[in-house]
Amino acid sequence: MSKNLRTTNNKFIDQTSRISFKFDGNTLYGFKGDTLASALLANNIHLVGRSFKYHRPRGIMACGSEEPNAIVQVGNDPSMTEPNTRATEIELYEGLEASSQNCWPSVNFDVGAVNNFFSPLIPAAFYYKTFMWPANFWKLYEYFIRKSAGLGKSPTEPDKDIYDHRYLHCDVLIVGGGISGIIAAKTAAKNNLNTVLIDDKNILGGTTLFQENECFKINNSYSNKWLKNEIESLKSLKNLTIKTRTSLAAYHSYNYLLARENLNEHLDINEKRDKIRQRLWKIRAKKVIISTGAMERPLIFNNNDRPGIMLSSSIKKYIDYYGVKCGQKISLFTNNDTAYETAISLNNSGVTVNSVIDIRDKTNSLIVNQAEELGIKVHWKSSVVNTNGYKKIKSIEVMKLSDDGTAVVGKKIKEECDCLGISGGWTPRVHLFTQSGGKLKFRNEDNVFIPDQSDLDQISIGSCNGDFELDEVIKNSVNLTNKFLKVNNNDYENLEIISSKEIDKKNIWLLPSDKPLRKTKQFLDFQNDSTANDVKLALREGFKSIEHVKRYTTTGMATDQGKLSNMHALGIIAETAGVKMGELGTTTFRPPYTPLTFGAIVGRNVGEFFDITRKTPMHDWHVENKAEFENVGQWKRAWYYPVNNENMYEAVQRESKAARDSAGILDASTLGKIDIQGTDASEFLNRVYTNAWSKLEIGKCRYGLMLNEDGMVYDDGVTTRLSENHYLMTTTTGGAANVLSKLEDYLQTEWPELDVYLTSVTDHYGTISICGPNSKKILSKVIPDLDLSDKEFPHMSFKNALIDNIKCRVMRISFTGEHSYEINIQSSYAKSAWEKCFEAGKEFNITPYGTETMHLLRAEKGFIIAGQDTDGTMTPIDLQMDWIISKKKYDFIGKRSLYRSDTIRDDRKQLVGLLTDDPKEILEEGAQIVAETNKHPIEMLGHVTSSYFSPNLNKSIALAVVKNGKKLKGQKLYVPMKNKTINVTITETVFLDKENKRLNA
Amino acid sequence: MFLINCPYCGERDQSEFSAGGEAHIVRPKQPTELSDNQWAEFLFMRKNIKGVQFERWNHAHGCRKWFNMARDTSNDKIHAVYKMGEKPPIK
């Protein structure tokens, strides 16, 4: 460590506890309390990265979230490495490993820097302009562009860190723990308001915390001493919660805010383990006070991006807070008074201040006079026109400004320096205010956007509200807070405040040079490498809107979202285009304020918690019997049960054959079940289904089709009349929740006069479906006292029964076309009932089958699956299911739409069967169907919706939707695939047992 | 994220609710007597205005009740919340 860069009298850094860390492979040392940036600077490392486009060497520029250059890769564990983190925000910890980004092979020797020499050939939008032609070269261009694009490396393995989410409710949320935030927090908490104060740093106090200057005093002590006492006094306030290391990410409507708290990031590498890394707070605040302060602006001049050129206020923080000298011979370049505070701080710490270059003619404020009395040289009415030094600034060139400020005149002075502080004034941090929907107004005298109107219960106080002088900050923060909270806190009455006042203001967005503009490099956006020249080029090429210029030049689009560059870009656009800045508006500030990790966003919802999984009561049986599962909505459904290393095709062929030859058993518990009761239940069903329900006898079941109001098929299922005013409706597995909510909607809003009650009972019952010619024999073993004769218990009817004394409902219904029963039994007994059925079926080779076999079996019968053979554009008529539409009913949902001009067209896509000429050829679901193969473009007539090889018919079968398909029966069509064309013939949709003999077999 | 004052449950987070489109569009009592155009008017035509809009909302993850809301689409301010079948308390 270069000892001479640390001062010894520092209060915030614990110089007794040394921390070792690695940067670019070198082991370095810092102290507890350092950030990575301050530790690097203490080691005399300024060069930390390369710029995005020209690969110019770049150094640490700031000390907070606005840092554009010092973005580093942290860690090299493939599961936890993190790119694009700001060195200025990383608290130093034992074991930290960081490296520079966007350079190869190293930050000191970067091959990409060759771009810098070609930079005149790479203007704004170079990529858009160059790689347009010829169009089919794009694949080649893309390869090279992708290689050079991007910052940092993403982790390649799942994140091992733990993240958390929590809710927080409060009366007042204060964002930013600087002097204003502390005043507001004390005021709120003392008046019995449940108050939360958050700050992104590890310690409260903001910049006043290290402001120790004769020119800034409160009640005769230095402003920092006064503030320290204030912070101390917060400790006794019971209503106040303080959260440090917590950064506000987003401010949404209704005072809903998201804040990210860093919990273990500052801990030593071996203390981090098993601790929560970050917590995302979801905050609902009755009132919000924004006190986020302001950030210093850079100045825009030739070669303003060299390592060693830093924001002046950051140099002050490094010396006063971290005790780090950013250089030994520092020059300062400013258009306002704040650089003089830096000059005095540096001077007091024994750093040589070469001179202050001030673009103003002369000014006599307290602070400037103090600096001059200390013997600090000031070049008035001057500008830096150039800087020298490739990897670190070596010297600056200074010239006098002309009277109107548009040119430089006279002799050029060269001044040697190893660091240049720049200060272009201050920008209020209005990001959160605008995120919340607040409107800004422009203040001409010092060129700032400040909060104007908001619809939310919020205020901005302090420098984020445009108050930059200490006395005004305190006075206005007190008054605004009292008024906003409707309280009267007199703690801050009669304060005696000494505050240096800035008297003269002057601003030049783009400083003149002795060289023509195109021969200079004046960086606006340091991270994305866009210059003032690029912005001017965009305007010359016809871009007028600030949003367009931003995107064309990429100004403000880097990971720092233009925190430093936006105001200058606006200023230069306004100046060049000859409009007022206030009229131009700003680009939109969007959340998050600083990047959020994906981990913080998802919190605990990873792995098995990513989504809810629903399991049937028989799930464990399926697992024991080696079922493969498929996801249907949130359900895990048994897909097929492979035996002896069967693949899916083999298993499904075996299961399908067994179900038709003897017996199959299916877990149908996932089907949606809605219990419908009430005196108007029949009328209700009449209105929601296309067919008639009033005459359905008690104890009978009926299949129903439900449409949307636009006439398209929505869902289907069998409904059973349990008693006079009691029905049990089944829905598709995926549609259950939506059907219930749709039915509730109609009941509550359109037909409130109907006496009907709906209850979802899907999870209450397990459903066992037994099908096949031996199903009757099996059921008679399970429920011996039930009369299963066709006369007593015909197809489409239901009986109450007992299995082991447990009540159950048995429906004789079929989705396979086989003689078949469905047993609904309380969930907790469903597994044992299933096992009983399976045991009883063993002598008949009862075969468990999954969803895939169920799909095959129903396709053999031409039964549709809503959602597979329909897609929200199919009417019942399109499905050739005209028989299910009641002619007698006056109305039902969707009825009127069935004869709209569009739904009665002949050439709609209609459901048909397809047989391949080669019975062994299985079509792919989704494959397109055409009439001609030679014509281009080919007209797509439709597509395959379901396709299987039927072991029972020993041939391939398919369902498809085809334009005008009803009339095309017998027609030969083609299914063109990648390597071949398959010949097909349109058939009926029912392939097996057209006479439905098997139902009563 | 809005805070919605459910007329049955009180103030709840928006994540408990789902939106159901424009309010006060009554399903015709005699659809069969409508022309294609009249039916299309009911079926498809919805306002999308900047300003106060009347909307249907459902407390889907709460009491499951539908209700109406007058919301200003320009700033998401909720001016009124009222039960189904009630007249809007504001214009």
# chains A, B, ... in the order shown; residues from 1 in each chain; ligands from 1

$ residues_around --residues "range 325-328 of chain A" --least-positions-apart "4" --cutoff "7 Å" --atoms "only C-alpha atoms" --output "MDAnalysis selection string"
chainID A and resid 5:6 41:42 315 318:319 351:352 418:419

$ write_last_selection --atoms "C-alpha atoms" --output "mmCIF file, in the first residue's frame"
data_model
loop_
_atom_site.group_PDB
_atom_site.id
_atom_site.type_symbol
_atom_site.label_atom_id
_atom_site.label_comp_id
_atom_site.auth_asym_id
_atom_site.auth_seq_id
_atom_site.Cartn_x
_atom_site.Cartn_y
_atom_site.Cartn_z
ATOM 1 C CA LEU A 5 -1.892 8.385 -0.051
ATOM 2 C CA ARG A 6 -3.639 7.885 3.319
ATOM 3 C CA LEU A 41 -7.359 4.820 -4.973
ATOM 4 C CA ALA A 42 -5.350 4.402 -1.767
ATOM 5 C CA ILE A 315 -12.278 13.841 -4.347
ATOM 6 C CA TYR A 318 -12.196 10.389 -0.563
ATOM 7 C CA ILE A 319 -9.985 12.766 1.419
ATOM 8 C CA VAL A 351 -2.292 17.829 -0.749
ATOM 9 C CA THR A 352 -0.973 20.341 -3.260
ATOM 10 C CA ASP A 418 -1.933 13.738 -11.370
ATOM 11 C CA CYS A 419 -5.625 14.284 -10.745
#

$ residues_around --residues "range 405-412 of chain A" --least-positions-apart "4" --cutoff "7 Å" --atoms "only C-alpha atoms" --output "PyMOL selection string"
chain A and resi 397-401+512-514

$ write_last_selection --atoms "C-alpha atoms" --output "PDB file, in the first residue's frame"
ATOM      1  CA  GLU A 397      -4.046  22.758 -20.950  1.00  0.00           C
ATOM      2  CA  VAL A 398      -5.864  25.928 -19.861  1.00  0.00           C
ATOM      3  CA  MET A 399      -6.984  28.938 -21.901  1.00  0.00           C
ATOM      4  CA  LYS A 400      -8.982  32.090 -21.218  1.00  0.00           C
ATOM      5  CA  LEU A 401     -12.625  32.140 -22.243  1.00  0.00           C
ATOM      6  CA  PRO A 512     -15.080  25.518 -26.229  1.00  0.00           C
ATOM      7  CA  SER A 513     -11.699  24.282 -27.401  1.00  0.00           C
ATOM      8  CA  ASP A 514      -8.912  25.714 -29.499  1.00  0.00           C
TER       9      ASP A 514
END

$ residues_around --residues "range 63-65 of chain B" --least-positions-apart "4" --cutoff "12 Å" --atoms "only C-alpha atoms" --output "number ranges by chain"
A: 737, 740-749, 752, 758-759; B: 6-10, 12, 16-20, 56-59, 82-84

$ residues_around --residues "range 619-624 of chain A" --least-positions-apart "5" --cutoff "9 Å" --atoms "only C-alpha atoms" --output "ChimeraX atom specification"
/A:629,636-638,641,667,831,834-835,848

$ interface_residues --of "chain B" --to "chain A" --cutoff "9 Å" --atoms "only C-alpha atoms" --output "PyMOL selection string"
chain B and resi 1-3+26-27+29-36+39-40+43-44+58+60+64-67+75-77+84-85

$ write_last_selection --atoms "N, CA and C atoms" --output "JSON list (two decimals), in the first residue's frame"
[["chain", "number", "residue", "atom", "x", "y", "z"],
["B", 1, "MET", "N", -48.65, -0.30, -8.06],
["B", 1, "MET", "CA", -49.55, -1.23, -7.36],
["B", 1, "MET", "C", -50.61, -0.48, -6.57],
["B", 2, "PHE", "N", -51.85, -0.66, -6.99],
["B", 2, "PHE", "CA", -52.92, 0.09, -6.33],
["B", 2, "PHE", "C", -53.21, -0.48, -4.94],
["B", 3, "LEU", "N", -53.86, 0.35, -4.17],
["B", 3, "LEU", "CA", -54.52, -0.12, -2.95],
["B", 3, "LEU", "C", -56.00, -0.02, -3.29],
["B", 26, "VAL", "N", -74.30, -4.02, -20.23],
["B", 26, "VAL", "CA", -75.29, -5.03, -19.83],
["B", 26, "VAL", "C", -75.47, -6.02, -20.96],
["B", 27, "ARG", "N", -75.47, -7.30, -20.61],
["B", 27, "ARG", "CA", -75.70, -8.33, -21.62],
["B", 27, "ARG", "C", -77.14, -8.19, -22.12],
["B", 29, "LYS", "N", -80.83, -8.68, -23.18],
["B", 29, "LYS", "CA", -81.79, -9.68, -22.71],
["B", 29, "LYS", "C", -82.30, -10.55, -23.84],
["B", 30, "GLN", "N", -82.32, -9.97, -25.06],
["B", 30, "GLN", "CA", -82.83, -10.73, -26.20],
["B", 30, "GLN", "C", -81.82, -10.70, -27.34],
["B", 31, "PRO", "N", -80.74, -11.42, -27.17],
["B", 31, "PRO", "CA", -79.66, -11.36, -28.16],
["B", 31, "PRO", "C", -80.12, -11.75, -29.56],
["B", 32, "THR", "N", -81.05, -12.68, -29.61],
["B", 32, "THR", "CA", -81.46, -13.19, -30.93],
["B", 32, "THR", "C", -82.14, -12.12, -31.76],
["B", 33, "GLU", "N", -82.62, -11.08, -31.11],
["B", 33, "GLU", "CA", -83.31, -10.04, -31.87],
["B", 33, "GLU", "C", -82.38, -8.93, -32.33],
["B", 34, "LEU", "N", -81.10, -9.10, -32.07],
["B", 34, "LEU", "CA", -80.15, -8.05, -32.45],
["B", 34, "LEU", "C", -79.53, -8.33, -33.82],
["B", 35, "SER", "N", -79.22, -7.25, -34.53],
["B", 35, "SER", "CA", -78.49, -7.40, -35.79],
["B", 35, "SER", "C", -77.04, -7.74, -35.46],
["B", 36, "ASP", "N", -76.31, -8.19, -36.47],
["B", 36, "ASP", "CA", -74.88, -8.47, -36.28],
["B", 36, "ASP", "C", -74.17, -7.26, -35.69],
["B", 39, "TRP", "N", -75.08, -6.69, -31.99],
["B", 39, "TRP", "CA", -74.44, -7.71, -31.16],
["B", 39, "TRP", "C", -72.93, -7.43, -31.05],
["B", 40, "ALA", "N", -72.32, -7.05, -32.16],
["B", 40, "ALA", "CA", -70.89, -6.75, -32.16],
["B", 40, "ALA", "C", -70.59, -5.58, -31.23],
["B", 43, "LEU", "N", -70.46, -7.09, -27.94],
["B", 43, "LEU", "CA", -69.44, -8.12, -27.80],
["B", 43, "LEU", "C", -68.03, -7.56, -27.81],
["B", 44, "PHE", "N", -67.77, -6.62, -28.71],
["B", 44, "PHE", "CA", -66.38, -6.21, -28.96],
["B", 44, "PHE", "C", -66.03, -4.79, -28.52],
["B", 58, "ASN", "N", -62.58, -7.84, -9.71],
["B", 58, "ASN", "CA", -62.96, -9.01, -8.95],
["B", 58, "ASN", "C", -61.93, -9.23, -7.84],
["B", 60, "ALA", "N", -60.42, -11.54, -6.58],
["B", 60, "ALA", "CA", -60.22, -12.94, -6.93],
["B", 60, "ALA", "C", -59.57, -13.74, -5.80],
["B", 64, "ARG", "N", -63.91, -13.04, -3.61],
["B", 64, "ARG", "CA", -64.35, -13.47, -4.95],
["B", 64, "ARG", "C", -65.54, -12.66, -5.48],
["B", 65, "LYS", "N", -65.81, -11.52, -4.84],
["B", 65, "LYS", "CA", -66.94, -10.70, -5.29],
["B", 65, "LYS", "C", -66.51, -9.77, -6.41],
["B", 66, "TRP", "N", -67.41, -9.57, -7.35],
["B", 66, "TRP", "CA", -67.21, -8.57, -8.40],
["B", 66, "TRP", "C", -67.74, -7.24, -7.91],
["B", 67, "PHE", "N", -67.08, -6.16, -8.33],
["B", 67, "PHE", "CA", -67.58, -4.83, -8.01],
["B", 67, "PHE", "C", -67.09, -3.86, -9.08],
["B", 75, "ASN", "N", -53.65, 8.73, -14.09],
["B", 75, "ASN", "CA", -52.81, 8.72, -12.89],
["B", 75, "ASN", "C", -53.18, 7.59, -11.93],
["B", 76, "ASP", "N", -54.05, 6.70, -12.39],
["B", 76, "ASP", "CA", -54.46, 5.53, -11.59],
["B", 76, "ASP", "C", -55.17, 5.88, -10.30],
["B", 77, "LYS", "N", -55.64, 7.08, -10.19],
["B", 77, "LYS", "CA", -56.38, 7.46, -9.00],
["B", 77, "LYS", "C", -57.75, 6.79, -9.02],
["B", 84, "MET", "N", -71.80, -4.10, -7.46],
["B", 84, "MET", "CA", -72.50, -4.43, -8.69],
["B", 84, "MET", "C", -73.97, -4.03, -8.58],
["B", 85, "GLY", "N", -74.48, -3.48, -9.63],
["B", 85, "GLY", "CA", -75.89, -3.11, -9.62],
["B", 85, "GLY", "C", -76.13, -1.71, -9.11]]

$ residues_around --residues "Pro78 in chain A" --least-positions-apart "4" --cutoff "7 Å" --atoms "only C-alpha atoms" --output "PDB file with C-alpha atoms, in the first residue's frame"
ATOM      1  CA  PRO A 155     -22.642 -16.575 -13.788  1.00  0.00           C
ATOM      2  CA  THR A 156     -22.974 -19.938 -15.498  1.00  0.00           C
ATOM      3  CA  GLU A 157     -24.380 -21.958 -12.593  1.00  0.00           C
TER       4      GLU A 157
END

$ atom_distance --atom1 "CA of Phe210 in chain A" --atom2 "CA of Asp320 in chain A"
6.0 Å
